[in-house]
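**Student:** Next up is a structure, given as structure tokens.
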Amino acid sequence: NDFKLCSGDTFRWDTKLSSNEYKFKWQDGSTTSYYDITKSGLYFVTVSDKSTNQCYIKSDTVSIIIDNYPDSTTLGPDIIMCSGDKLGLYKGQEETVSYLWYNSSTEPEIVITTPGSYWVIAKNYNGCIKRDTINISIKGTKPVADFIYDNVCIGQGSLFKDKSTVNKVYAGDEINYWLWNFGDGTTANSQDYLKTYTGTGGNYNVKLSIKTIAGCEDVVEKTILVYDIFSKFTTSI
């Protein structure tokens, strides 16, 4: 039989028999009536009575496998973040089935708004538990990326206008970087941009990435429809 044991835990295999009446011999030669298991391996015991009959019985062999989830799961090292960023496990997310954060949230991630110490209790499918704490400093406020645009037609200039915002709480809370990706292989670095699509119409994924002086970032992506009236129009009679 195979059994999982969480790293750091101890399983006591207790025969519940008296040492006055029985003798014990474990797989490693130990002679107590119980055995504390902390490592992976094969475990068994032979029990014999102390009477003149010398009757004995050997247990089944048990295979113990150590689950290293408590050792490998972590929030990561102390970090500098932006107010509004999300915090989650740095390692161990794939194995985790439940969370309990310092604020009673049970979500995989929480939103960080102030500096301080944050802890989480995480559990995996084997019931292994890891409690971890991280100290967070704040360098600025996370901006919110957004933009608007005119009707977009092939061959005609359309204005893509930045509507991003940021709450000015810290010294570096000012947006000073924009990167547009228009979904057709072209990009631009200005706050607003007059874009002309060429070729064929259809859906294009337009992405705007922004960053503040403090280094806080956000991205927004929208699918826009570029109209192609020329493909449906002919100049011939």
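A note on labels: chains of the structure tokens are A, B, ... as shown, every chain counts residues from 1, and ligands are counted from 1 in their shown order.
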What's around Ala188 (chain A) at 6 Å? Count only C-alpha atoms, leave out sequence neighbours fewer than 2 positions away in its own chain, and write the answer as a PyMOL selection string.
**Tutor:** chain A and resi 179-180+190
**Student:** Excluding Val220 (chain A) and residues on its chain fewer than 6 positions from it, collect all residues at most 6 Å away from it, counting only C-alpha atoms, and give them as a list in words.
**Tutor:**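 Counting only the stated atoms, we get Ala145, Lys207 and Leu208 of chain A.
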**Student:** Write the residues you've just listed into a file as a JSON list (two decimals), in the first residue's frame, and include N, CA and C atoms for each of them.
**Tutor:**
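Now in selection_12.json:
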[["chain", "number", "residue", "atom", "x", "y", "z"],
["A", 145, "ALA", "N", -5.57, 51.36, -17.59],
["A", 145, "ALA", "CA", -5.45, 51.65, -19.01],
["A", 145, "ALA", "C", -6.82, 51.64, -19.69],
["A", 207, "LYS", "N", -4.14, 46.90, -28.63],
["A", 207, "LYS", "CA", -3.67, 46.86, -27.25],
["A", 207, "LYS", "C", -2.94, 48.15, -26.90],
["A", 208, "LEU", "N", -3.25, 48.69, -25.71],
["A", 208, "LEU", "CA", -2.55, 49.86, -25.20],
["A", 208, "LEU", "C", -1.88, 49.50, -23.88]]
**Student:** Write out as a CSV table (one decimal) with N, CA and C atoms, in the first residue's frame all residues of region 17-161 of chain A that backbone DSSP assigns to alpha helix (DSSP H).
**Tutor:**
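Saved file result.csv follows:
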chain,number,residue,atom,x,y,z
A,69,TYR,N,5.0,19.5,-1.0
A,69,TYR,CA,4.2,20.8,-1.2
A,69,TYR,C,4.6,21.8,-0.1
A,70,PRO,N,4.6,21.5,1.2
A,70,PRO,CA,5.0,22.5,2.2
A,70,PRO,C,6.3,23.1,2.0
A,71,ASP,N,7.3,22.4,1.4
A,71,ASP,CA,8.6,22.9,1.2
A,71,ASP,C,8.7,23.8,-0.1
A,72,SER,N,8.0,23.4,-1.1
A,72,SER,CA,8.1,24.1,-2.4
A,72,SER,C,7.2,25.3,-2.6
**Student:** Could you give me, as a PyMOL selection string, the residues within 8 Å of Trp26 (chain A), counting only C-alpha atoms and dropping anything in the same chain fewer than 5 positions from it?
**Tutor:** chain A and resi 31+35+43-46
**Student:** Using only N, CA, C and O atoms, please write the residues we just selected to a file, as an mmCIF file, in the first residue's frame.
**Tutor:**
data_model
loop_
_atom_site.group_PDB
_atom_site.id
_atom_site.type_symbol
_atom_site.label_atom_id
_atom_site.label_comp_id
_atom_site.auth_asym_id
_atom_site.auth_seq_id
_atom_site.Cartn_x
_atom_site.Cartn_y
_atom_site.Cartn_z
ATOM 1 N N THR A 31 13.359 -1.790 17.764
ATOM 2 C CA THR A 31 12.654 -2.802 18.563
ATOM 3 C C THR A 31 11.551 -2.220 19.451
ATOM 4 O O THR A 31 11.073 -2.881 20.368
ATOM 5 N N TYR A 35 6.714 3.083 15.588
ATOM 6 C CA TYR A 35 7.759 3.611 14.722
ATOM 7 C C TYR A 35 7.302 4.950 14.161
ATOM 8 O O TYR A 35 6.204 5.044 13.594
ATOM 9 N N TYR A 43 8.247 0.325 4.836
ATOM 10 C CA TYR A 43 8.196 0.088 6.275
ATOM 11 C C TYR A 43 7.393 -1.186 6.573
ATOM 12 O O TYR A 43 6.348 -1.428 5.957
ATOM 13 N N PHE A 44 7.914 -1.974 7.533
ATOM 14 C CA PHE A 44 7.213 -3.181 7.979
ATOM 15 C C PHE A 44 7.726 -3.559 9.359
ATOM 16 O O PHE A 44 8.771 -3.068 9.815
ATOM 17 N N VAL A 45 6.986 -4.426 10.036
ATOM 18 C CA VAL A 45 7.372 -4.867 11.374
ATOM 19 C C VAL A 45 7.037 -6.356 11.542
ATOM 20 O O VAL A 45 6.044 -6.835 11.004
ATOM 21 N N THR A 46 7.905 -7.029 12.267
ATOM 22 C CA THR A 46 7.645 -8.421 12.657
ATOM 23 C C THR A 46 7.411 -8.441 14.166
ATOM 24 O O THR A 46 8.220 -7.911 14.935
#
**Student:** Between A:Glu109, A:Asp78, A:Asp85, A:Asp67, single out the one closest to Asn126 (chain A), counting only C-alpha atoms.
**Tutor:**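 Closest residue, counting only C-alpha atoms: A:Asp67.
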**Student:** I'd like the contact shell of Ser18 (chain A) - 12 Å cut-off, only C-alpha atoms, skipping same-chain residues fewer than 6 positions apart - returned as JSON, numbers by chain.
**Tutor:** {"A": [24, 32, 33, 34, 47, 48, 49, 50]}
**Student:** Residues as selected, N, CA and C atoms, written as an mmCIF file, in the first residue's frame, can you do that?
**Tutor:**
data_model
loop_
_atom_site.group_PDB
_atom_site.id
_atom_site.type_symbol
_atom_site.label_atom_id
_atom_site.label_comp_id
_atom_site.auth_asym_id
_atom_site.auth_seq_id
_atom_site.Cartn_x
_atom_site.Cartn_y
_atom_site.Cartn_z
ATOM 1 N N PHE A 24 9.442 -6.744 19.005
ATOM 2 C CA PHE A 24 9.199 -6.061 17.748
ATOM 3 C C PHE A 24 10.518 -5.898 16.989
ATOM 4 N N THR A 32 11.118 -0.983 19.182
ATOM 5 C CA THR A 32 10.031 -0.404 19.974
ATOM 6 C C THR A 32 8.678 -0.899 19.450
ATOM 7 N N SER A 33 7.629 -0.661 20.232
ATOM 8 C CA SER A 33 6.292 -1.098 19.817
ATOM 9 C C SER A 33 5.658 -0.138 18.805
ATOM 10 N N TYR A 34 6.334 0.965 18.528
ATOM 11 C CA TYR A 34 5.844 1.933 17.543
ATOM 12 C C TYR A 34 7.020 2.418 16.713
ATOM 13 N N VAL A 47 6.287 -9.019 14.563
ATOM 14 C CA VAL A 47 5.912 -9.094 15.978
ATOM 15 C C VAL A 47 5.912 -10.555 16.418
ATOM 16 N N SER A 48 6.592 -10.824 17.522
ATOM 17 C CA SER A 48 6.605 -12.186 18.076
ATOM 18 C C SER A 48 6.310 -12.109 19.570
ATOM 19 N N ASP A 49 5.674 -13.183 20.101
ATOM 20 C CA ASP A 49 5.379 -13.156 21.534
ATOM 21 C C ASP A 49 6.588 -13.666 22.322
ATOM 22 N N LYS A 50 6.587 -13.356 23.613
ATOM 23 C CA LYS A 50 7.716 -13.730 24.466
ATOM 24 C C LYS A 50 7.483 -15.057 25.167
#
**Student:** Got a sec: who's within 12 Å of Thr73 (chain A), counting only C-alpha atoms, leaving out chain neighbours fewer than 3 positions off, as a PDB file with N, CA, C and O atoms, in the first residue's frame?
**Tutor:**
ATOM      1  N   SER A   7       5.537  16.696   3.846  1.00  0.00           N
ATOM      2  CA  SER A   7       6.873  17.034   4.320  1.00  0.00           C
ATOM      3  C   SER A   7       6.782  17.805   5.631  1.00  0.00           C
ATOM      4  O   SER A   7       5.990  18.741   5.771  1.00  0.00           O
ATOM      5  N   ASP A  67       5.181  14.106   0.282  1.00  0.00           N
ATOM      6  CA  ASP A  67       4.661  15.203  -0.533  1.00  0.00           C
ATOM      7  C   ASP A  67       5.388  16.475  -0.113  1.00  0.00           C
ATOM      8  O   ASP A  67       5.225  16.959   1.011  1.00  0.00           O
ATOM      9  N   ASN A  68       6.181  17.045  -1.019  1.00  0.00           N
ATOM     10  CA  ASN A  68       7.019  18.206  -0.697  1.00  0.00           C
ATOM     11  C   ASN A  68       6.313  19.544  -0.875  1.00  0.00           C
ATOM     12  O   ASN A  68       6.963  20.594  -0.903  1.00  0.00           O
ATOM     13  N   TYR A  69       4.996  19.524  -0.994  1.00  0.00           N
ATOM     14  CA  TYR A  69       4.230  20.763  -1.170  1.00  0.00           C
ATOM     15  C   TYR A  69       4.555  21.825  -0.111  1.00  0.00           C
ATOM     16  O   TYR A  69       4.749  23.002  -0.458  1.00  0.00           O
ATOM     17  N   PRO A  70       4.644  21.469   1.193  1.00  0.00           N
ATOM     18  CA  PRO A  70       4.955  22.511   2.186  1.00  0.00           C
ATOM     19  C   PRO A  70       6.338  23.137   1.995  1.00  0.00           C
ATOM     20  O   PRO A  70       6.559  24.285   2.418  1.00  0.00           O
ATOM     21  N   GLY A  76       7.092  33.776  -2.378  1.00  0.00           N
ATOM     22  CA  GLY A  76       8.290  34.380  -2.934  1.00  0.00           C
ATOM     23  C   GLY A  76       8.972  35.301  -1.931  1.00  0.00           C
ATOM     24  O   GLY A  76       8.514  35.474  -0.801  1.00  0.00           O
ATOM     25  N   PRO A  77      10.065  35.910  -2.362  1.00  0.00           N
ATOM     26  CA  PRO A  77      10.793  36.824  -1.466  1.00  0.00           C
ATOM     27  C   PRO A  77      10.026  38.126  -1.272  1.00  0.00           C
ATOM     28  O   PRO A  77       9.103  38.445  -2.027  1.00  0.00           O
ATOM     29  N   GLY A  88      -0.329  36.646  -5.448  1.00  0.00           N
ATOM     30  CA  GLY A  88      -0.683  35.235  -5.397  1.00  0.00           C
ATOM     31  C   GLY A  88       0.555  34.418  -5.112  1.00  0.00           C
ATOM     32  O   GLY A  88       1.646  34.961  -4.901  1.00  0.00           O
ATOM     33  N   LEU A  89       0.410  33.119  -5.087  1.00  0.00           N
ATOM     34  CA  LEU A  89       1.558  32.247  -4.840  1.00  0.00           C
ATOM     35  C   LEU A  89       2.588  32.398  -5.948  1.00  0.00           C
ATOM     36  O   LEU A  89       2.244  32.449  -7.134  1.00  0.00           O
ATOM     37  N   TYR A  90       3.849  32.445  -5.565  1.00  0.00           N
ATOM     38  CA  TYR A  90       4.953  32.503  -6.520  1.00  0.00           C
ATOM     39  C   TYR A  90       5.248  31.108  -7.067  1.00  0.00           C
ATOM     40  O   TYR A  90       5.559  30.939  -8.241  1.00  0.00           O
ATOM     41  N   LYS A  91       5.131  30.100  -6.198  1.00  0.00           N
ATOM     42  CA  LYS A  91       5.277  28.702  -6.597  1.00  0.00           C
ATOM     43  C   LYS A  91       4.204  27.878  -5.882  1.00  0.00           C
ATOM     44  O   LYS A  91       3.872  28.151  -4.733  1.00  0.00           O
ATOM     45  N   GLY A  92       3.706  26.861  -6.574  1.00  0.00           N
ATOM     46  CA  GLY A  92       2.744  25.941  -5.971  1.00  0.00           C
ATOM     47  C   GLY A  92       1.307  26.163  -6.383  1.00  0.00           C
ATOM     48  O   GLY A  92       0.408  25.471  -5.893  1.00  0.00           O
ATOM     49  N   GLN A  93       1.048  27.116  -7.302  1.00  0.00           N
ATOM     50  CA  GLN A  93      -0.336  27.411  -7.693  1.00  0.00           C
ATOM     51  C   GLN A  93      -1.040  26.192  -8.293  1.00  0.00           C
ATOM     52  O   GLN A  93      -2.218  25.962  -8.034  1.00  0.00           O
ATOM     53  N   GLU A  94      -0.303  25.419  -9.108  1.00  0.00           N
ATOM     54  CA  GLU A  94      -0.923  24.310  -9.817  1.00  0.00           C
ATOM     55  C   GLU A  94      -1.441  23.236  -8.872  1.00  0.00           C
ATOM     56  O   GLU A  94      -2.418  22.554  -9.182  1.00  0.00           O
ATOM     57  N   GLU A  95      -0.794  23.071  -7.731  1.00  0.00           N
ATOM     58  CA  GLU A  95      -1.181  22.017  -6.796  1.00  0.00           C
ATOM     59  C   GLU A  95      -2.182  22.488  -5.744  1.00  0.00           C
ATOM     60  O   GLU A  95      -2.787  21.664  -5.050  1.00  0.00           O
ATOM     61  N   THR A  96      -2.362  23.788  -5.617  1.00  0.00           N
ATOM     62  CA  THR A  96      -3.173  24.327  -4.525  1.00  0.00           C
ATOM     63  C   THR A  96      -4.663  24.231  -4.838  1.00  0.00           C
ATOM     64  O   THR A  96      -5.104  24.583  -5.936  1.00  0.00           O
ATOM     65  N   VAL A 120      -0.739  33.830   3.879  1.00  0.00           N
ATOM     66  CA  VAL A 120      -1.743  32.949   3.304  1.00  0.00           C
ATOM     67  C   VAL A 120      -1.526  31.535   3.829  1.00  0.00           C
ATOM     68  O   VAL A 120      -0.386  31.131   4.089  1.00  0.00           O
ATOM     69  N   ILE A 121      -2.613  30.809   4.016  1.00  0.00           N
ATOM     70  CA  ILE A 121      -2.561  29.382   4.314  1.00  0.00           C
ATOM     71  C   ILE A 121      -3.104  28.662   3.087  1.00  0.00           C
ATOM     72  O   ILE A 121      -4.267  28.852   2.711  1.00  0.00           O
ATOM     73  N   ALA A 122      -2.249  27.867   2.455  1.00  0.00           N
ATOM     74  CA  ALA A 122      -2.623  27.152   1.233  1.00  0.00           C
ATOM     75  C   ALA A 122      -2.623  25.651   1.493  1.00  0.00           C
ATOM     76  O   ALA A 122      -1.858  25.150   2.313  1.00  0.00           O
ATOM     77  N   LYS A 123      -3.504  24.949   0.779  1.00  0.00           N
ATOM     78  CA  LYS A 123      -3.624  23.495   0.966  1.00  0.00           C
ATOM     79  C   LYS A 123      -3.711  22.808  -0.388  1.00  0.00           C
ATOM     80  O   LYS A 123      -4.336  23.325  -1.317  1.00  0.00           O
ATOM     81  N   ASN A 124      -3.078  21.631  -0.512  1.00  0.00           N
ATOM     82  CA  ASN A 124      -3.154  20.893  -1.767  1.00  0.00           C
ATOM     83  C   ASN A 124      -4.118  19.714  -1.651  1.00  0.00           C
ATOM     84  O   ASN A 124      -4.757  19.503  -0.616  1.00  0.00           O
ATOM     85  N   CYS A 128      -1.970  18.611   2.430  1.00  0.00           N
ATOM     86  CA  CYS A 128      -0.751  19.236   2.956  1.00  0.00           C
ATOM     87  C   CYS A 128      -0.955  20.751   3.003  1.00  0.00           C
ATOM     88  O   CYS A 128      -1.553  21.342   2.090  1.00  0.00           O
ATOM     89  N   ILE A 129      -0.434  21.363   4.053  1.00  0.00           N
ATOM     90  CA  ILE A 129      -0.677  22.779   4.311  1.00  0.00           C
ATOM     91  C   ILE A 129       0.636  23.556   4.333  1.00  0.00           C
ATOM     92  O   ILE A 129       1.642  23.087   4.858  1.00  0.00           O
ATOM     93  N   LYS A 130       0.589  24.754   3.731  1.00  0.00           N
ATOM     94  CA  LYS A 130       1.731  25.664   3.808  1.00  0.00           C
ATOM     95  C   LYS A 130       1.234  27.055   4.197  1.00  0.00           C
ATOM     96  O   LYS A 130       0.340  27.607   3.552  1.00  0.00           O
ATOM     97  N   ARG A 131       1.791  27.586   5.270  1.00  0.00           N
ATOM     98  CA  ARG A 131       1.538  28.980   5.635  1.00  0.00           C
ATOM     99  C   ARG A 131       2.789  29.775   5.303  1.00  0.00           C
ATOM    100  O   ARG A 131       3.895  29.397   5.695  1.00  0.00           O
ATOM    101  N   ASP A 132       2.603  30.859   4.565  1.00  0.00           N
ATOM    102  CA  ASP A 132       3.753  31.671   4.176  1.00  0.00           C
ATOM    103  C   ASP A 132       3.406  33.144   4.343  1.00  0.00           C
ATOM    104  O   ASP A 132       2.243  33.549   4.226  1.00  0.00           O
ATOM    105  N   THR A 133       4.439  33.935   4.611  1.00  0.00           N
ATOM    106  CA  THR A 133       4.283  35.375   4.835  1.00  0.00           C
ATOM    107  C   THR A 133       5.241  36.135   3.939  1.00  0.00           C
ATOM    108  O   THR A 133       6.369  35.684   3.690  1.00  0.00           O
TER     109      THR A 133
END
**Student:** Mind giving me the straight-line distance from CA of Leu225 (chain A) to CA of Lys211 (chain A) in Å, one decimal?
**Tutor:**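 The value is 26.7 Å.
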**Student:** Taking 2 positions as the minimum chain separation for residues in the same chain, which residues sit within 8 Å of Tyr102 (chain A) when counting only C-alpha atoms? Answer as a list in words.
**Tutor:**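 The neighbour list is Leu100, Ser104, Ser105, Tyr118, Trp119 and Val120 of chain A.
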**Student:** Hey, which of A:Thr113, A:Ser83, A:Ser98, A:Ser164 ends up closest to Gly215 (chain A)? Count only C-alpha atoms.
**Tutor:**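 The closest residue to Gly215 (chain A) is A:Ser83.
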